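The file input10.tsv comes next; it holds TSV, C-alpha atoms and all ligand atoms.
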chain	number	residue	atom	x	y	z
A	24	MET	CA	-42.56	-16.39	30.82
A	25	HIS	CA	-41.58	-19.20	28.51
A	26	GLY	CA	-37.86	-19.53	27.69
A	27	SER	CA	-38.50	-19.44	23.94
A	28	ILE	CA	-39.44	-15.76	24.18
A	29	PHE	CA	-36.09	-15.01	25.89
A	30	VAL	CA	-34.14	-17.09	23.36
A	31	PHE	CA	-35.79	-15.02	20.59
A	32	LEU	CA	-35.11	-11.76	22.45
A	33	LYS	CA	-31.41	-12.63	22.54
A	34	ARG	CA	-31.59	-13.47	18.82
A	35	TYR	CA	-33.33	-10.12	18.16
A	36	ILE	CA	-30.57	-8.19	19.97
A	37	GLU	CA	-27.78	-10.15	18.26
A	38	SER	CA	-29.32	-9.61	14.84
A	39	THR	CA	-30.10	-5.91	15.38
A	40	TYR	CA	-26.77	-5.17	17.14
A	41	ASP	CA	-24.29	-7.96	17.88
A	42	TYR	CA	-23.33	-10.53	20.50
A	43	SER	CA	-21.14	-8.11	22.46
A	44	THR	CA	-24.12	-5.73	22.76
A	45	TRP	CA	-26.12	-8.60	24.28
A	46	VAL	CA	-23.33	-9.23	26.82
A	47	LYS	CA	-23.13	-5.51	27.69
A	48	LEU	CA	-26.92	-5.24	28.01
A	49	MET	CA	-27.04	-8.21	30.36
A	50	GLU	CA	-24.27	-6.68	32.47
A	51	SER	CA	-26.11	-3.37	32.63
A	52	THR	CA	-29.30	-5.04	33.89
A	53	GLY	CA	-27.44	-6.99	36.58
A	54	ILE	CA	-29.20	-10.22	35.50
A	55	ASP	CA	-26.87	-13.03	36.44
A	56	ARG	CA	-26.98	-15.21	33.30
A	57	ILE	CA	-25.69	-15.00	29.76
A	58	SER	CA	-28.22	-17.18	27.96
A	59	TYR	CA	-31.71	-18.67	28.26
A	60	GLN	CA	-32.99	-22.19	27.62
A	61	MET	CA	-35.96	-22.98	25.37
A	62	GLN	CA	-37.79	-25.22	27.85
A	63	GLU	CA	-37.25	-23.22	31.05
A	64	MET	CA	-39.43	-20.49	32.55
A	65	TYR	CA	-38.02	-17.09	33.55
A	66	PRO	CA	-39.36	-14.02	35.37
A	67	THR	CA	-41.13	-11.54	33.07
A	68	ARG	CA	-39.24	-8.86	35.02
A	69	GLU	CA	-36.05	-9.91	33.19
A	70	LEU	CA	-37.71	-9.37	29.82
A	71	THR	CA	-38.83	-5.89	30.91
A	72	GLN	CA	-35.33	-5.08	32.20
A	73	ILE	CA	-33.63	-6.19	28.97
A	74	ILE	CA	-36.13	-4.25	26.83
A	75	GLY	CA	-35.53	-1.21	29.08
A	76	ALA	CA	-31.78	-1.56	28.51
A	77	VAL	CA	-32.28	-1.77	24.71
A	78	SER	CA	-34.43	1.35	24.95
A	79	SER	CA	-31.66	3.27	26.78
A	80	LEU	CA	-29.05	2.05	24.31
A	81	SER	CA	-31.04	2.86	21.16
A	82	GLY	CA	-32.92	5.95	22.33
A	83	ASN	CA	-36.16	4.28	21.16
A	84	GLN	CA	-39.03	4.20	23.63
A	85	ALA	CA	-39.69	0.87	25.38
A	86	HIS	CA	-42.99	0.40	23.55
A	87	GLU	CA	-41.17	0.85	20.20
A	88	VAL	CA	-38.61	-1.78	21.21
A	89	GLN	CA	-41.46	-4.11	22.30
A	90	GLU	CA	-43.11	-3.62	18.93
A	91	GLN	CA	-39.93	-4.30	16.93
A	92	PHE	CA	-39.27	-7.38	19.03
A	93	GLY	CA	-42.86	-8.61	18.48
A	94	ALA	CA	-42.47	-8.35	14.71
A	95	PHE	CA	-39.09	-10.12	14.87
A	96	LEU	CA	-40.62	-13.02	16.88
A	97	VAL	CA	-43.15	-14.10	14.28
A	98	PRO	CA	-41.12	-16.27	11.86
A	99	ASP	CA	-39.60	-18.20	14.80
A	100	LEU	CA	-42.96	-18.59	16.58
A	101	LEU	CA	-44.62	-19.77	13.39
A	102	MET	CA	-41.81	-22.23	12.79
A	103	ILE	CA	-42.55	-23.84	16.16
A	104	TYR	CA	-46.35	-23.73	15.88
A	105	LYS	CA	-46.75	-24.21	12.11
A	106	LYS	CA	-48.85	-27.33	12.48
A	107	TYR	CA	-51.60	-25.07	13.87
A	108	VAL	CA	-51.58	-22.88	10.74
A	109	LEU	CA	-53.64	-24.04	7.76
A	110	PRO	CA	-52.00	-23.53	4.35
A	111	GLU	CA	-54.87	-21.42	3.00
A	112	TRP	CA	-54.79	-18.92	5.88
A	113	THR	CA	-53.99	-15.22	5.55
A	114	THR	CA	-53.28	-12.63	8.25
A	115	TYR	CA	-57.02	-12.29	8.92
A	116	ASP	CA	-57.53	-16.04	9.49
A	117	LEU	CA	-54.44	-16.44	11.65
A	118	LEU	CA	-55.50	-13.56	13.89
A	119	LEU	CA	-59.00	-15.04	14.20
A	120	HIS	CA	-57.43	-18.29	15.43
A	121	ALA	CA	-54.54	-16.80	17.45
A	122	GLU	CA	-56.27	-17.39	20.79
A	123	SER	CA	-57.95	-20.75	20.15
A	124	ASN	CA	-55.16	-22.38	18.12
A	125	MET	CA	-51.90	-20.66	19.01
A	126	HIS	CA	-52.18	-19.48	22.60
A	127	GLY	CA	-54.42	-22.51	23.26
A	128	ALA	CA	-51.60	-24.80	22.06
A	129	VAL	CA	-49.03	-22.85	24.09
A	130	ARG	CA	-51.09	-23.32	27.27
A	131	SER	CA	-51.81	-27.01	26.73
A	132	GLN	CA	-48.23	-27.91	25.71
A	133	ASP	CA	-46.80	-26.28	28.81
A	134	THR	CA	-49.12	-25.56	31.71
A	135	ARG	CA	-46.56	-23.21	33.27
A	136	THR	CA	-47.20	-20.65	30.50
A	137	THR	CA	-49.71	-17.84	30.73
A	138	PRO	CA	-50.00	-16.18	27.32
A	139	PRO	CA	-52.27	-13.14	27.25
A	140	ILE	CA	-55.98	-13.73	26.74
A	141	LEU	CA	-56.94	-12.44	23.30
A	142	SER	CA	-60.58	-11.97	22.40
A	143	VAL	CA	-60.64	-11.49	18.64
A	144	ASN	CA	-63.85	-9.85	17.43
A	145	LYS	CA	-64.84	-10.05	13.79
A	146	VAL	CA	-66.41	-6.65	13.15
A	147	SER	CA	-66.44	-7.11	9.35
A	148	SER	CA	-64.41	-8.79	6.62
A	149	ARG	CA	-62.13	-5.72	6.75
A	150	LEU	CA	-61.92	-5.09	10.48
A	151	LEU	CA	-60.90	-7.12	13.54
A	152	VAL	CA	-60.83	-5.75	17.08
A	153	ILE	CA	-58.54	-7.66	19.46
A	154	ASP	CA	-59.13	-7.32	23.20
A	155	TYR	CA	-55.82	-8.04	24.93
A	156	HIS	CA	-55.72	-8.87	28.63
A	157	SER	CA	-52.51	-9.57	30.55
A	158	ARG	CA	-50.99	-8.36	33.79
A	159	ARG	CA	-47.68	-8.12	31.95
A	160	ARG	CA	-48.88	-5.02	30.04
A	161	MET	CA	-47.08	-5.94	26.82
A	162	ALA	CA	-49.70	-5.08	24.20
A	163	SER	CA	-47.00	-3.31	22.16
A	164	VAL	CA	-45.38	-6.73	21.64
A	165	GLY	CA	-48.81	-7.78	20.33
A	166	ILE	CA	-48.90	-4.84	17.89
A	167	GLY	CA	-45.50	-6.00	16.61
A	168	ILE	CA	-46.72	-9.60	16.35
A	169	VAL	CA	-49.68	-8.47	14.21
A	170	LYS	CA	-47.28	-6.53	11.94
A	171	GLY	CA	-44.96	-9.54	11.81
A	172	ILE	CA	-47.85	-11.83	10.83
A	173	ALA	CA	-48.82	-9.40	8.02
A	174	ALA	CA	-45.19	-9.39	6.81
A	175	TYR	CA	-45.10	-13.20	6.98
A	176	PHE	CA	-48.10	-13.37	4.61
A	177	ASN	CA	-46.75	-10.52	2.39
A	178	GLU	CA	-49.71	-8.35	3.42
A	179	SER	CA	-47.87	-5.49	5.13
A	180	ASP	CA	-49.15	-2.98	2.57
A	181	LYS	CA	-52.81	-3.74	3.31
A	182	VAL	CA	-52.85	-4.47	7.05
A	183	THR	CA	-52.91	-1.56	9.52
A	184	VAL	CA	-52.81	-2.09	13.28
A	185	SER	CA	-53.34	0.56	15.91
A	186	SER	CA	-54.17	0.73	19.57
A	187	ILE	CA	-57.62	2.12	20.38
A	188	THR	CA	-56.78	2.40	24.10
A	189	SER	CA	-53.48	3.06	25.93
A	190	PRO	CA	-51.07	0.24	24.96
A	191	ASP	CA	-49.47	0.23	28.42
A	192	ALA	CA	-52.57	-1.04	30.24
A	193	GLU	CA	-53.55	-4.57	31.32
A	194	ARG	CA	-56.57	-4.40	29.03
A	195	VAL	CA	-55.97	-2.97	25.57
A	196	GLN	CA	-58.07	-2.85	22.41
A	197	LEU	CA	-56.23	-3.25	19.12
A	198	ARG	CA	-57.81	-2.34	15.79
A	199	VAL	CA	-56.66	-4.30	12.74
A	200	GLU	CA	-57.86	-2.97	9.39
A	201	PHE	CA	-57.55	-4.78	6.06
A	202	GLY	CA	-57.34	-2.60	2.94
A	203	GLU	CA	-57.57	-3.55	-0.73
B	1	LIG	C1	-48.64	-16.27	15.61
B	1	LIG	C2	-49.25	-16.95	16.52
B	1	LIG	C3	-48.84	-16.81	17.98
B	1	LIG	C4	-48.05	-17.64	18.71
B	1	LIG	C5	-47.43	-18.95	18.24
B	1	LIG	C6	-47.91	-17.06	20.03
B	1	LIG	C7	-47.19	-17.62	21.07
B	1	LIG	C8	-46.89	-17.01	22.27
B	1	LIG	C9	-46.06	-17.55	23.34
B	1	LIG	C10	-45.35	-18.91	23.31
B	1	LIG	C11	-46.02	-16.64	24.33
B	1	LIG	C12	-45.29	-16.80	25.71
B	1	LIG	C13	-46.34	-17.14	26.74
B	1	LIG	C14	-45.82	-17.40	28.15
B	1	LIG	O1	-44.64	-17.69	28.35
B	1	LIG	O2	-46.64	-17.33	29.10
B	1	LIG	C15	-46.78	-15.50	23.88
B	1	LIG	C16	-46.91	-14.34	24.57
B	1	LIG	C17	-47.51	-13.21	24.05
B	1	LIG	N1	-48.37	-13.16	22.96
B	1	LIG	FE1	-48.63	-14.59	21.61
B	1	LIG	N2	-48.61	-15.89	20.08
B	1	LIG	C18	-49.20	-15.70	18.84
B	1	LIG	C19	-50.03	-14.68	18.45
B	1	LIG	C20	-50.21	-13.53	19.17
B	1	LIG	C21	-50.99	-12.41	18.71
B	1	LIG	C22	-51.78	-12.31	17.39
B	1	LIG	C23	-50.87	-11.47	19.64
B	1	LIG	C24	-51.54	-10.13	19.50
B	1	LIG	C25	-52.05	-9.40	20.41
B	1	LIG	C26	-50.03	-12.00	20.72
B	1	LIG	C27	-49.63	-11.35	21.85
B	1	LIG	C28	-48.75	-11.84	22.80
B	1	LIG	C29	-48.12	-11.02	23.82
B	1	LIG	C30	-48.28	-9.52	23.96
B	1	LIG	C31	-47.33	-11.88	24.61
B	1	LIG	C32	-46.41	-11.49	25.79
B	1	LIG	C33	-46.92	-11.91	27.14
B	1	LIG	C34	-48.07	-11.11	27.69
B	1	LIG	O3	-48.38	-10.01	27.18
B	1	LIG	O4	-48.68	-11.57	28.68
B	1	LIG	N3	-49.67	-13.28	20.40
B	1	LIG	N4	-47.32	-15.76	22.63
Please express the file's structure as structure tokens.
Amino acid sequence: MHGSIFVFLKRYIESTYDYSTWVKLMESTGIDRISYQMQEMYPTRELTQIIGAVSSLSGNQAHEVQEQFGAFLVPDLLMIYKKYVLPEWTTYDLLLHAESNMHGAVRSQDTRTTPPILSVNKVSSRLLVIDYHSRRRMASVGIGIVKGIAAYFNESDKVTVSSITSPDAERVQLRVEFGE
């Protein structure tokens, strides 16, 4: 997994807790490093271990931690990939282009990356169904990302995301509804 995601995970832990919590969490996982580099690649296993350690520390389930982390990621991700976001877009438009523009750019900028394959289906102007497919089984991060995108566009009050199928699977269907 791309180093940026680890850099943002560290930032998430430092902003939710503090730096000493990050150090303690890393010690508890047994991972032999104290920081991550933006342009390196790291085993996904380390991300899962760190999220598991946050879950034990906070008492929140791992999928809740994944979701919170996903929402936290969005402003940083959009800062890096903002040239792929058109100024007139809303949550709906960004989600429609998440695979072609965002994950497409991630893959072509660094061929070592393997972002999940998202098939975004336009059911109506008020409903998108996202088919997520990844062996990493991190759809809950995706749920958080959708919430983070809605917050980014000040649309949290009208965007509702839920998982139609079990969020822990390799293939997951997410339902994103747009209210008034
Ligand atoms: C806002 C635009 C987005 C950007 C810039 C972005 C970027 C990225 C990047 C850089 C990675 C790491 C890939 C790797 O190292 O292989 C990633 C992973 C991921 N993305 Fe996106 N993404 C975006 C939107 C979304 C959306 C809308 C979802 C919703 C389902 C999503 C779900 C995920 C998940 C769950 C992962 C973790 C890895 C996995 O499950 O295989 N992303 N994304």
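When only C-alpha atoms are used to measure the gap to Gly165 in chain A, the shortest distance among A:Lys33, A:His25, A:Arg198, A:Arg68 belongs to A:Arg198.
The spacing separating CA of Val169 in chain A from CA of Leu197 in chain A amounts to 9.7 Å.
Between ligand LIG 1 (chain B) and the residues A:Ala94, A:Leu117, A:Val199, A:Met61, the shortest atom-to-atom distance, using all atoms listed in the file, involves A:Leu117.
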In terms of only C-alpha atoms and all ligand atoms, the residue from A:Asp41, A:Asp180, A:Glu90, A:Glu69 at minimal distance from ligand LIG 1 (chain B) is A:Glu90
task = Using only C-alpha atoms and all ligand atoms, determine which residues fall within 8 Å of ligand LIG 1 (chain B), then list them as number ranges by chain.
result = A: 24-28, 64, 93, 97, 100-101, 103-104, 117-118, 121-122, 125-126, 129-130, 135-141, 153-169, 172, 197
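Distances to Thr39 in chain A were evaluated for A:Val88, A:Phe201, A:Gln62, A:Gly53 using all atoms listed in the file, and the minimum falls at A:Val88.
Interatomic distance, CA of Asp191 in chain A against CA of Glu87 in chain A: 11.7 Å.
If you look at CA of Arg149 in chain A and CA of Tyr115 in chain A, they are 8.6 Å away from each other.
With all atoms listed in the file as the atoms that count, the minimum distance from Ala174 in chain A to the choices A:Asn124, A:Thr114, A:Ser51, A:Ser131 is reached by A:Thr114.
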